[in-house]
$ cat target09.csv   # CSV, C-alpha atoms
chain,number,residue,atom,x,y,z
A,261,MET,CA,60.1,97.9,123.4
A,262,ALA,CA,58.2,94.8,122.9
A,263,GLN,CA,60.1,91.7,121.7
A,264,VAL,CA,59.4,90.9,118.1
A,265,PRO,CA,58.6,87.2,117.8
A,266,VAL,CA,61.0,85.3,115.6
A,267,GLN,CA,59.6,84.5,112.2
A,268,THR,CA,59.7,81.0,111.2
A,269,ILE,CA,58.9,79.9,107.7
A,270,HIS,CA,58.4,76.3,106.8
A,271,ARG,CA,60.2,75.5,103.6
A,272,ASP,CA,60.4,72.4,101.6
A,273,PRO,CA,63.8,70.7,102.2
A,274,GLN,CA,63.8,70.0,98.5
A,275,LEU,CA,64.7,73.6,98.0
A,276,PHE,CA,68.2,72.9,99.2
A,277,TYR,CA,68.7,70.1,96.7
A,278,TRP,CA,67.2,71.9,93.7
A,279,ILE,CA,68.2,75.5,94.3
A,280,LEU,CA,71.1,75.9,96.7
A,281,PHE,CA,73.4,73.1,95.6
A,282,PRO,CA,72.9,73.8,91.8
A,283,ILE,CA,73.7,77.5,92.2
A,284,THR,CA,76.8,76.8,94.3
A,285,LEU,CA,78.0,74.0,92.0
A,286,VAL,CA,77.5,76.2,88.9
A,287,MET,CA,79.4,79.1,90.5
A,288,ILE,CA,82.3,76.9,91.4
A,289,LEU,CA,82.4,75.2,88.0
A,290,THR,CA,82.2,78.6,86.2
A,291,GLY,CA,85.2,79.8,88.2
A,292,VAL,CA,87.2,76.7,87.2
A,293,LEU,CA,86.1,77.1,83.6
A,294,ARG,CA,87.0,80.8,83.5
A,295,HIS,CA,90.4,79.9,85.0
A,296,TYR,CA,91.2,77.4,82.3
A,297,ALA,CA,89.7,79.6,79.5
A,298,THR,CA,92.0,82.4,80.6
A,299,VAL,CA,95.0,80.1,80.7
A,300,LEU,CA,94.2,78.8,77.2
A,301,MET,CA,93.4,82.3,75.7
A,302,ALA,CA,96.6,83.9,77.0
A,303,SER,CA,98.6,84.7,74.0
A,304,ALA,CA,102.3,84.2,74.2
A,305,PRO,CA,104.3,87.5,74.5
A,306,LYS,CA,105.1,88.8,71.0
A,307,LYS,CA,108.7,88.6,69.9
A,308,LEU,CA,110.3,92.0,69.4
A,309,ASP,CA,112.9,92.5,66.8
A,310,GLN,CA,116.5,93.1,67.9
A,311,ARG,CA,116.5,96.9,67.8
A,312,ALA,CA,113.3,97.4,69.7
A,313,MET,CA,114.5,94.9,72.3
A,314,ARG,CA,117.8,96.8,72.6
A,315,GLU,CA,115.9,100.1,73.1
A,316,GLN,CA,113.9,98.6,75.9
A,317,ARG,CA,116.7,96.8,77.7
A,318,SER,CA,119.1,99.7,77.5
A,319,LEU,CA,116.6,102.0,79.3
A,320,ALA,CA,116.1,99.2,81.9
A,321,HIS,CA,119.9,99.1,82.3
A,322,GLY,CA,119.9,102.8,83.1
A,323,VAL,CA,117.1,102.4,85.6
A,324,GLY,CA,119.0,99.5,87.2
A,325,VAL,CA,122.2,101.4,87.5
A,326,ARG,CA,120.3,104.4,89.0
A,327,SER,CA,118.5,102.4,91.7
A,328,ASN,CA,121.4,100.1,92.6
A,329,PHE,CA,124.3,102.6,92.5
A,330,HIS,CA,125.1,101.9,96.2
A,331,VAL,CA,126.5,98.5,95.5
A,332,LEU,CA,129.0,99.8,93.0
A,333,SER,CA,132.4,101.3,93.8
A,334,ARG,CA,132.9,104.8,92.8
A,335,PRO,CA,135.1,104.2,89.7
A,336,SER,CA,132.9,101.5,88.3
A,337,PHE,CA,129.8,103.6,88.8
A,338,VAL,CA,131.4,106.6,87.1
A,339,ALA,CA,132.4,104.4,84.2
A,340,ARG,CA,128.8,103.1,83.8
A,341,ARG,CA,127.3,106.5,84.2
A,342,ASP,CA,129.5,108.1,81.6
A,343,ALA,CA,129.0,105.3,79.0
A,344,LEU,CA,125.2,105.3,79.5
A,345,THR,CA,124.7,109.1,79.4
A,346,THR,CA,126.8,109.6,76.2
A,347,ALA,CA,124.9,106.7,74.5
A,348,TYR,CA,121.6,108.1,75.6
A,349,GLU,CA,122.3,111.6,74.5
A,350,SER,CA,123.7,110.6,71.1
A,351,GLY,CA,120.7,108.3,70.6
A,352,ALA,CA,122.8,105.2,70.0
A,353,TYR,CA,120.2,102.8,71.4
A,354,LEU,CA,117.2,104.2,69.5
A,355,LYS,CA,115.2,101.9,67.4
A,356,ASP,CA,115.2,104.1,64.3
A,357,PRO,CA,117.7,107.0,64.9
A,358,GLU,CA,116.6,108.9,61.8
A,359,ARG,CA,113.1,109.4,63.3
A,360,ARG,CA,114.6,111.4,66.2
A,361,GLY,CA,112.6,114.5,67.1
A,362,GLN,CA,109.5,113.6,65.2
A,363,ALA,CA,106.1,113.1,66.8
A,364,PRO,CA,105.4,109.6,68.0
A,365,PRO,CA,103.1,107.5,65.8
A,366,ASN,CA,99.4,107.2,66.7
A,367,PRO,CA,99.0,104.4,69.1
A,368,MET,CA,95.8,103.2,67.4
A,369,SER,CA,97.7,102.5,64.2
A,370,ASP,CA,100.5,100.6,65.8
A,371,PRO,CA,99.7,96.9,65.6
A,372,SER,CA,101.8,96.0,68.7
A,373,SER,CA,99.8,98.2,71.0
A,374,MET,CA,96.5,96.9,69.5
A,375,ASP,CA,97.6,93.5,70.8
A,376,GLY,CA,97.7,94.6,74.4
A,377,MET,CA,94.3,96.1,74.1
A,378,MET,CA,92.8,93.0,72.6
A,379,GLY,CA,94.2,91.0,75.6
A,380,ALA,CA,92.5,93.3,78.1
A,381,MET,CA,89.2,93.1,76.1
A,382,LYS,CA,89.4,89.3,76.1
A,383,ASN,CA,89.8,89.2,79.9
A,384,GLN,CA,86.9,91.6,80.3
A,385,MET,CA,84.7,89.5,78.1
A,386,ALA,CA,85.6,86.3,80.0
A,387,MET,CA,84.3,88.1,83.1
A,388,ILE,CA,81.2,89.8,81.8
A,389,ILE,CA,79.6,87.0,79.7
A,390,PRO,CA,79.5,84.2,82.3
A,391,ASN,CA,78.2,86.6,85.0
A,392,THR,CA,75.3,88.0,82.9
A,393,LEU,CA,74.5,84.5,81.8
A,394,ILE,CA,74.3,83.1,85.3
A,395,MET,CA,72.4,86.0,86.7
A,396,SER,CA,69.7,85.7,84.0
A,397,TRP,CA,69.7,82.0,84.5
A,398,ILE,CA,69.0,82.4,88.2
A,399,ASN,CA,66.4,85.1,87.6
A,400,ALA,CA,64.6,82.9,85.0
A,401,PHE,CA,64.5,79.7,87.0
A,402,PHE,CA,64.8,80.5,90.7
A,403,SER,CA,63.2,83.9,91.3
A,404,GLY,CA,60.4,84.1,93.8
A,405,TYR,CA,61.7,81.7,96.4
A,406,VAL,CA,63.0,82.3,99.9
A,407,ILE,CA,65.7,79.8,100.5
A,408,MET,CA,67.8,80.8,103.5
A,409,LYS,CA,68.1,82.9,106.5
A,410,LEU,CA,71.2,85.0,107.2
A,411,PRO,CA,72.7,84.5,110.6
A,412,PHE,CA,73.0,88.2,111.3
A,413,PRO,CA,70.3,91.0,111.2
A,414,LEU,CA,70.2,93.6,108.5
A,415,THR,CA,68.4,96.9,108.2
A,416,ILE,CA,65.2,97.2,106.1
A,417,LYS,CA,67.1,98.8,103.2
A,418,PHE,CA,68.6,95.5,102.2
A,419,LYS,CA,65.1,94.0,101.7
A,420,SER,CA,64.8,95.1,98.1
A,421,MET,CA,68.2,93.7,97.3
A,422,LEU,CA,68.0,90.4,99.1
A,423,GLN,CA,64.4,89.6,98.5
A,424,ALA,CA,64.1,90.6,94.9
A,425,GLY,CA,61.1,88.9,93.4
A,426,VAL,CA,59.5,88.1,96.7
A,427,ALA,CA,56.8,90.7,97.3
A,428,THR,CA,56.1,90.1,101.0
A,429,LYS,CA,55.9,93.2,103.0
A,430,ASP,CA,56.4,92.1,106.6
A,431,MET,CA,59.1,89.5,106.1
A,432,ASP,CA,62.3,89.9,108.0
A,433,PRO,CA,65.1,91.2,105.7
A,434,ARG,CA,67.2,88.3,107.0
A,435,TRP,CA,65.4,85.9,104.7
A,436,MET,CA,67.2,85.8,101.4
A,437,SER,CA,66.3,84.7,97.9
A,438,SER,CA,68.4,82.8,95.4
A,439,ILE,CA,69.8,85.9,93.8
A,440,SER,CA,71.4,87.0,97.0
A,441,TRP,CA,72.9,83.6,97.5
A,442,TYR,CA,74.5,84.2,94.1
A,443,PHE,CA,76.0,87.4,95.3
A,444,LEU,CA,77.3,85.7,98.4
A,445,CYS,CA,79.0,83.1,96.3
A,446,PHE,CA,80.3,85.7,93.9
A,447,PHE,CA,82.2,87.4,96.7
A,448,GLY,CA,83.1,84.5,99.0
A,449,LEU,CA,84.3,81.8,96.7
A,450,GLN,CA,87.8,83.1,96.3
A,451,SER,CA,89.1,81.0,99.1
A,452,VAL,CA,87.6,77.9,97.5
A,453,PHE,CA,89.3,78.7,94.2
A,454,ASN,CA,92.5,79.3,96.1
A,455,PHE,CA,92.1,75.8,97.5
A,456,LEU,CA,91.1,74.2,94.1
A,457,LEU,CA,93.3,75.9,91.6
A,458,GLY,CA,96.3,77.3,93.5
A,459,ASN,CA,97.1,80.8,94.3
A,460,ASP,CA,97.6,82.3,90.9
A,461,ASN,CA,94.2,81.4,89.6
A,462,ALA,CA,92.2,83.6,87.3
A,463,ALA,CA,88.8,82.5,88.5
A,464,ASN,CA,87.6,85.6,90.2
A,465,GLN,CA,87.5,89.2,89.2
A,466,MET,CA,89.9,90.3,91.9
A,467,ALA,CA,92.7,88.2,90.6
A,468,GLN,CA,91.9,89.5,87.1
A,469,GLN,CA,92.3,93.1,88.1
A,470,MET,CA,95.5,92.4,89.9
A,471,GLY,CA,96.9,90.8,86.8
A,472,GLN,CA,96.1,93.8,84.7
A,473,MET,CA,98.1,96.0,87.0
A,474,GLY,CA,101.2,93.9,86.5
A,475,PRO,CA,104.4,95.3,85.2
A,476,GLN,CA,104.1,96.4,81.6
A,477,GLY,CA,107.8,96.6,80.7
A,478,GLY,CA,109.2,98.9,78.1
A,479,PHE,CA,107.5,101.7,76.4
A,480,GLY,CA,103.8,102.5,76.6
A,481,PRO,CA,102.1,103.6,73.4
A,482,GLY,CA,102.6,107.1,72.4
A,483,VAL,CA,105.7,107.8,74.4
A,484,ASP,CA,108.8,109.2,72.7
A,485,PRO,CA,111.7,106.9,73.6
A,486,ASP,CA,114.2,109.6,72.8
A,487,LYS,CA,112.7,111.8,75.5
A,488,GLN,CA,112.8,109.0,78.0
A,489,PHE,CA,116.4,108.4,77.2
A,490,LEU,CA,117.2,112.0,77.8
A,491,ALA,CA,115.3,112.1,81.1
A,492,GLU,CA,117.1,109.0,82.2
A,493,ALA,CA,120.5,110.5,81.3
A,494,GLU,CA,119.6,113.5,83.5
A,495,ASN,CA,118.6,111.2,86.4
A,496,LEU,CA,121.9,109.4,86.2
A,497,ALA,CA,123.9,112.6,86.1
A,498,VAL,CA,122.5,114.0,89.3
A,499,ILE,CA,123.2,111.0,91.5
A,500,GLU,CA,125.4,111.7,94.4
A,501,HIS,CA,127.3,108.5,94.7
A,502,TYR,CA,128.1,106.6,97.9
A,503,SER,CA,128.8,103.0,98.5
A,504,VAL,CA,127.4,100.7,101.1
A,505,LEU,CA,131.0,99.7,101.9
A,506,ASP,CA,131.8,103.2,103.1
A,507,GLY,CA,132.8,102.9,106.8
A,508,VAL,CA,132.2,99.1,106.8
A,509,GLU,CA,135.2,98.6,109.2
A,510,ASP,CA,133.6,100.8,111.8
A,511,ARG,CA,130.3,99.0,111.6
A,512,LEU,CA,132.0,95.6,111.8
A,513,LEU,CA,133.9,96.6,114.9
A,514,GLU,CA,130.8,98.0,116.5
A,515,ALA,CA,128.8,94.8,115.8
A,516,ILE,CA,131.3,92.5,117.4
A,517,GLY,CA,131.5,94.9,120.3
A,518,VAL,CA,135.2,95.8,120.5
B,69,MET,CA,111.7,102.7,111.0
B,70,PRO,CA,115.1,101.9,109.5
B,71,SER,CA,116.5,104.5,107.1
B,72,GLU,CA,117.0,104.0,103.4
B,73,ARG,CA,120.7,103.4,104.0
B,74,GLU,CA,120.0,100.6,106.4
B,75,PHE,CA,117.8,99.0,103.8
B,76,GLN,CA,120.6,99.2,101.3
B,77,ILE,CA,123.0,97.5,103.8
B,78,ALA,CA,120.6,94.7,104.6
B,79,PRO,CA,118.2,94.6,101.6
B,80,LEU,CA,114.9,92.9,101.6
B,81,VAL,CA,114.1,90.5,98.8
B,82,PRO,CA,110.6,91.4,97.4
B,83,GLU,CA,110.0,88.0,96.0
B,84,SER,CA,110.5,86.3,99.3
B,85,ILE,CA,108.3,88.8,101.1
B,86,GLN,CA,105.6,88.3,98.5
B,87,HIS,CA,105.8,84.6,98.9
B,88,ASN,CA,105.4,84.9,102.7
B,89,SER,CA,102.4,87.2,102.4
B,90,LYS,CA,100.9,84.8,99.9
B,91,THR,CA,101.3,81.9,102.2
B,92,LEU,CA,99.8,83.9,105.0
B,93,TYR,CA,96.8,84.9,102.8
B,94,ASN,CA,96.3,81.2,101.8
B,95,LEU,CA,96.2,80.1,105.4
B,96,GLN,CA,93.9,82.9,106.5
B,97,SER,CA,91.4,82.4,103.7
B,98,LEU,CA,91.3,78.7,104.2
B,99,THR,CA,90.9,78.9,108.0
B,100,ALA,CA,88.2,81.6,107.6
B,101,SER,CA,86.1,79.2,105.6
B,102,LEU,CA,86.5,76.5,108.2
B,103,PHE,CA,85.6,78.9,111.0
B,104,GLY,CA,82.5,79.7,109.0
B,105,VAL,CA,81.6,76.0,109.0
B,106,SER,CA,82.0,75.7,112.7
B,107,ALA,CA,80.2,78.9,113.5
B,108,GLY,CA,77.3,77.8,111.3
B,109,ILE,CA,77.1,74.4,113.0
B,110,LEU,CA,77.2,76.0,116.4
B,111,GLY,CA,74.4,78.3,115.3
B,112,LEU,CA,76.0,81.5,116.3
B,113,GLU,CA,74.0,84.7,115.4
B,114,SER,CA,74.9,88.3,114.7
B,115,TYR,CA,77.5,89.7,117.1
B,116,SER,CA,78.7,86.4,118.6
B,117,GLY,CA,79.4,85.1,115.1
B,118,PHE,CA,81.6,88.1,114.1
B,119,LEU,CA,83.3,87.9,117.5
B,120,PHE,CA,84.0,84.2,116.9
B,121,TYR,CA,85.6,85.1,113.6
B,122,LEU,CA,87.7,87.9,115.1
B,123,VAL,CA,88.9,85.8,118.1
B,124,PHE,CA,89.7,82.7,116.1
B,125,SER,CA,91.5,84.4,113.2
B,126,LEU,CA,93.6,86.3,115.7
B,127,LEU,CA,94.3,83.1,117.5
B,128,THR,CA,95.4,81.5,114.2
B,129,THR,CA,97.8,84.4,113.5
B,130,ALA,CA,99.1,84.2,117.1
B,131,LEU,CA,99.8,80.5,116.7
B,132,LEU,CA,101.6,81.1,113.4
B,133,TYR,CA,103.6,83.7,115.2
B,134,VAL,CA,104.6,81.5,118.1
B,135,PHE,CA,105.5,78.5,116.1
B,136,ARG,CA,106.9,79.9,112.8
B,137,VAL,CA,107.9,83.5,113.1
B,138,ALA,CA,109.3,83.9,116.6
B,139,PRO,CA,111.9,81.0,116.5
B,140,GLY,CA,113.4,82.4,113.3
B,141,ALA,CA,113.5,85.9,114.6
B,142,SER,CA,115.3,85.0,117.8
B,143,LEU,CA,117.8,82.8,115.9
B,144,SER,CA,118.7,85.4,113.3
B,145,SER,CA,119.2,88.4,115.5
B,146,SER,CA,122.6,87.3,116.6
B,147,SER,CA,124.1,90.8,117.0
B,148,SER,CA,123.2,92.4,120.3
B,149,ALA,CA,122.6,95.8,118.7
B,150,SER,CA,119.8,94.6,116.4
B,151,ARG,CA,118.1,92.7,119.3
B,152,GLN,CA,117.9,95.7,121.4
B,153,ARG,CA,116.2,97.7,118.7
B,154,LYS,CA,113.4,95.2,118.0
B,155,GLY,CA,110.5,94.6,120.2
B,156,VAL,CA,109.1,91.4,121.5
B,157,LEU,CA,106.4,91.0,118.8
B,158,ASP,CA,108.6,91.6,115.9
B,159,THR,CA,107.6,90.4,112.4
B,160,SER,CA,110.0,92.4,110.4
B,161,LEU,CA,112.2,89.4,109.5
B,162,TYR,CA,109.5,87.9,107.3
B,163,PHE,CA,106.9,90.6,106.7
B,164,ARG,CA,106.9,94.2,105.7
B,165,SER,CA,104.8,95.6,108.6
B,166,PRO,CA,103.3,94.2,111.8
B,167,TYR,CA,99.9,95.6,110.6
B,168,GLU,CA,100.0,93.4,107.5
B,169,PHE,CA,100.8,90.4,109.6
B,170,TRP,CA,98.3,90.8,112.4
B,171,ALA,CA,95.3,92.4,110.6
B,172,GLY,CA,95.9,91.9,106.9
B,173,GLY,CA,93.9,88.7,106.6
B,174,LEU,CA,90.9,89.8,108.6
B,175,LEU,CA,89.1,91.5,105.8
B,176,GLY,CA,90.3,89.1,103.1
B,177,GLY,CA,88.8,86.1,104.8
B,178,LEU,CA,85.6,87.8,105.9
B,179,ALA,CA,83.7,87.1,102.6
B,180,GLY,CA,84.6,83.4,102.7
B,181,TYR,CA,83.6,83.3,106.4
B,182,ILE,CA,80.2,84.8,105.8
B,183,LEU,CA,79.5,82.5,102.9
B,184,THR,CA,80.2,79.2,104.7
B,185,TRP,CA,78.6,80.6,107.9
B,186,THR,CA,75.4,81.4,106.1
B,187,LEU,CA,75.4,78.1,104.3
B,188,PHE,CA,75.9,75.9,107.3
B,189,TYR,CA,73.6,78.0,109.5
B,190,GLY,CA,70.9,77.5,106.8
B,191,LEU,CA,71.6,73.8,106.5
B,192,VAL,CA,71.6,73.1,110.2
B,193,ARG,CA,69.2,75.6,111.8
B,194,ALA,CA,66.9,77.5,109.6
$ encode --input "target09.csv" --output "structure tokens"
Amino acid sequence: MAQVPVQTIHRDPQLFYWILFPITLVMILTGVLRHYATVLMASAPKKLDQRAMREQRSLAHGVGVRSNFHVLSRPSFVARRDALTTAYESGAYLKDPERRGQAPPNPMSDPSSMDGMMGAMKNQMAMIIPNTLIMSWINAFFSGYVIMKLPFPLTIKFKSMLQAGVATKDMDPRWMSSISWYFLCFFGLQSVFNFLLGNDNAANQMAQQMGQMGPQGGFGPGVDPDKQFLAEAENLAVIEHYSVLDGVEDRLLEAIGV
Amino acid sequence: MPSEREFQIAPLVPESIQHNSKTLYNLQSLTASLFGVSAGILGLESYSGFLFYLVFSLLTTALLYVFRVAPGASLSSSSSASRQRKGVLDTSLYFRSPYEFWAGGLLGGLAGYILTWTLFYGLVRA
């Protein structure tokens, strides 16, 4: 196979100053802006009234006892289990005991669950609006230039993506236009944001998605708390108790090699 | 793999492990960008560039292991039984799995590496 001569394209060095640096700068500054916008828009967690809080925390108490039963001695575990299961089954911790057995309210009508949805919407908006704005800005001002060459070869399929707006048939797909520099920045700037804003920044979409998967805590909308309590009581009842201190003397003697 | 009961006897603190992984991720993403700068200035192309990244990020992790992870591991395993069970390259004192320690940062830093590699290659060579 004949060696293909390396293409060289003479470009004005001004391209770097007027295209590459503005795009990079704008991308970094948008990330910083998005971080601070998210910080400012974050609404403080809503205060629950006493009964709702008691409902949540008592369920969490049951889960805690169930997952950490091995640090309790047998009598104290039995005492906790009996107290919790009787309270769960009688519905003593419910927010409104007289609504027991009825269908849960529609989540769309509950104002507290609307709040969570609004927060997710706001985050999505903070992502989508700047990205579409920057993409149309780049398309409007900088389309039709070739600015850089990638240091690694690519197949011909990437040509339509990397050289959008440059209709030159025989050009190597390694040459890239401004919009592909935008995509490179979009994916690669996370480490720069880590460096600038600290690790918990909200500048990139990855961090945003991680934040949404965070622990919700308490009851999701449309779940009957009474049923959750009954299920938790059942979970507690079936635990076969043992303690980590069972046989600790043997382990100690083995460890010191007697 | 230790059993569930052994985890209950010697529990892992999830916050500390998370902090360790976060520190490791920070180190790897920052060094990946810097390796990109050096690869761009050296003018590496295609395979040699990716090989450069692979070698140097593994080297960074190995240095971290030698200077930070290994001394603590040898200090803490005082009982002879636990020392026998663990291998030479043991990271279980600070991290969940050896895979996470050795290969976890390779993919995370790759995007930053390609970005700075392209930028400096473009500025210096093309």
$ closest_residue --input "target09.csv" --among "A:Ala347, A:Leu393, A:Ala302, A:Ile416" --to "Asp430 in chain A" --atoms "all atoms listed in the file"
A:Ile416
$ closest_residue --input "target09.csv" --among "A:Lys355, A:His270, A:Lys487, A:Arg314" --to "chain B" --atoms "only C-alpha atoms"
A:His270
$ closest_residue --input "target09.csv" --among "B:Val123, B:Glu113, B:Leu131, B:Phe118" --to "chain A" --atoms "all atoms listed in the file"
B:Glu113
$ closest_residue --input "target09.csv" --among "A:Leu354, A:Val452, A:Leu285, A:Ala339" --to "Asn94 in chain B" --atoms "only C-alpha atoms"
A:Val452
$ closest_residue --input "target09.csv" --among "A:Tyr405, A:Trp397, A:Phe446, A:Phe418" --to "chain B" --atoms "all atoms listed in the file"
A:Phe446
$ residues_around --input "target09.csv" --residues "Val331 in chain A" --least-positions-apart "4" --cutoff "9 Å" --atoms "all atoms listed in the file" --output "list in words"
Tyr502, Ser503, Val504 and Leu505 of chain A; Gln76 of chain B
$ interface_residues --input "target09.csv" --of "chain A" --to "chain B" --cutoff "8 Å" --atoms "only C-alpha atoms" --output "PDB file with C-alpha atoms, keeping the file's coordinate frame"
ATOM      1  CA  HIS A 330     125.100 101.900  96.200  1.00  0.00           C
ATOM      2  CA  MET A 408      67.800  80.800 103.500  1.00  0.00           C
ATOM      3  CA  LYS A 409      68.100  82.900 106.500  1.00  0.00           C
ATOM      4  CA  LEU A 410      71.200  85.000 107.200  1.00  0.00           C
ATOM      5  CA  PRO A 411      72.700  84.500 110.600  1.00  0.00           C
ATOM      6  CA  PHE A 412      73.000  88.200 111.300  1.00  0.00           C
ATOM      7  CA  PRO A 413      70.300  91.000 111.200  1.00  0.00           C
ATOM      8  CA  LEU A 444      77.300  85.700  98.400  1.00  0.00           C
ATOM      9  CA  CYS A 445      79.000  83.100  96.300  1.00  0.00           C
ATOM     10  CA  PHE A 447      82.200  87.400  96.700  1.00  0.00           C
ATOM     11  CA  GLY A 448      83.100  84.500  99.000  1.00  0.00           C
ATOM     12  CA  LEU A 449      84.300  81.800  96.700  1.00  0.00           C
ATOM     13  CA  GLN A 450      87.800  83.100  96.300  1.00  0.00           C
ATOM     14  CA  SER A 451      89.100  81.000  99.100  1.00  0.00           C
ATOM     15  CA  VAL A 452      87.600  77.900  97.500  1.00  0.00           C
ATOM     16  CA  ASN A 454      92.500  79.300  96.100  1.00  0.00           C
ATOM     17  CA  PHE A 455      92.100  75.800  97.500  1.00  0.00           C
ATOM     18  CA  ASN A 459      97.100  80.800  94.300  1.00  0.00           C
ATOM     19  CA  VAL A 504     127.400 100.700 101.100  1.00  0.00           C
ATOM     20  CA  ALA A 515     128.800  94.800 115.800  1.00  0.00           C
ATOM     21  CA  ILE A 516     131.300  92.500 117.400  1.00  0.00           C
TER      22      ILE A 516
END
$ closest_residue --input "target09.csv" --among "A:Leu456, A:Leu490, A:Ile394, A:Val323" --to "Thr290 in chain A" --atoms "only C-alpha atoms"
A:Ile394
$ atom_distance --input "target09.csv" --atom1 "CA of Leu132 in chain B" --atom2 "CA of Trp170 in chain B"
10.3 Å
$ atom_distance --input "target09.csv" --atom1 "CA of Thr415 in chain A" --atom2 "CA of Phe443 in chain A"
17.7 Å
$ atom_distance --input "target09.csv" --atom1 "CA of Ala493 in chain A" --atom2 "CA of Thr345 in chain A"
4.8 Å
$ residues_around --input "target09.csv" --residues "range 280-282 of chain A" --least-positions-apart "6" --cutoff "8 Å" --atoms "only C-alpha atoms" --output "list of chain:residue names"
A:Ile407, A:Ser438, A:Trp441
$ residues_around --input "target09.csv" --residues "Gln310 in chain A" --least-positions-apart "5" --cutoff "12 Å" --atoms "all atoms listed in the file" --output "PyMOL selection string"
chain A and resi 315-318+353-356
$ write_last_selection --input "target09.csv" --atoms "C-alpha atoms" --output "PDB file, keeping the file's coordinate frame"
ATOM      1  CA  GLU A 315     115.900 100.100  73.100  1.00  0.00           C
ATOM      2  CA  GLN A 316     113.900  98.600  75.900  1.00  0.00           C
ATOM      3  CA  ARG A 317     116.700  96.800  77.700  1.00  0.00           C
ATOM      4  CA  SER A 318     119.100  99.700  77.500  1.00  0.00           C
ATOM      5  CA  TYR A 353     120.200 102.800  71.400  1.00  0.00           C
ATOM      6  CA  LEU A 354     117.200 104.200  69.500  1.00  0.00           C
ATOM      7  CA  LYS A 355     115.200 101.900  67.400  1.00  0.00           C
ATOM      8  CA  ASP A 356     115.200 104.100  64.300  1.00  0.00           C
TER       9      ASP A 356
END
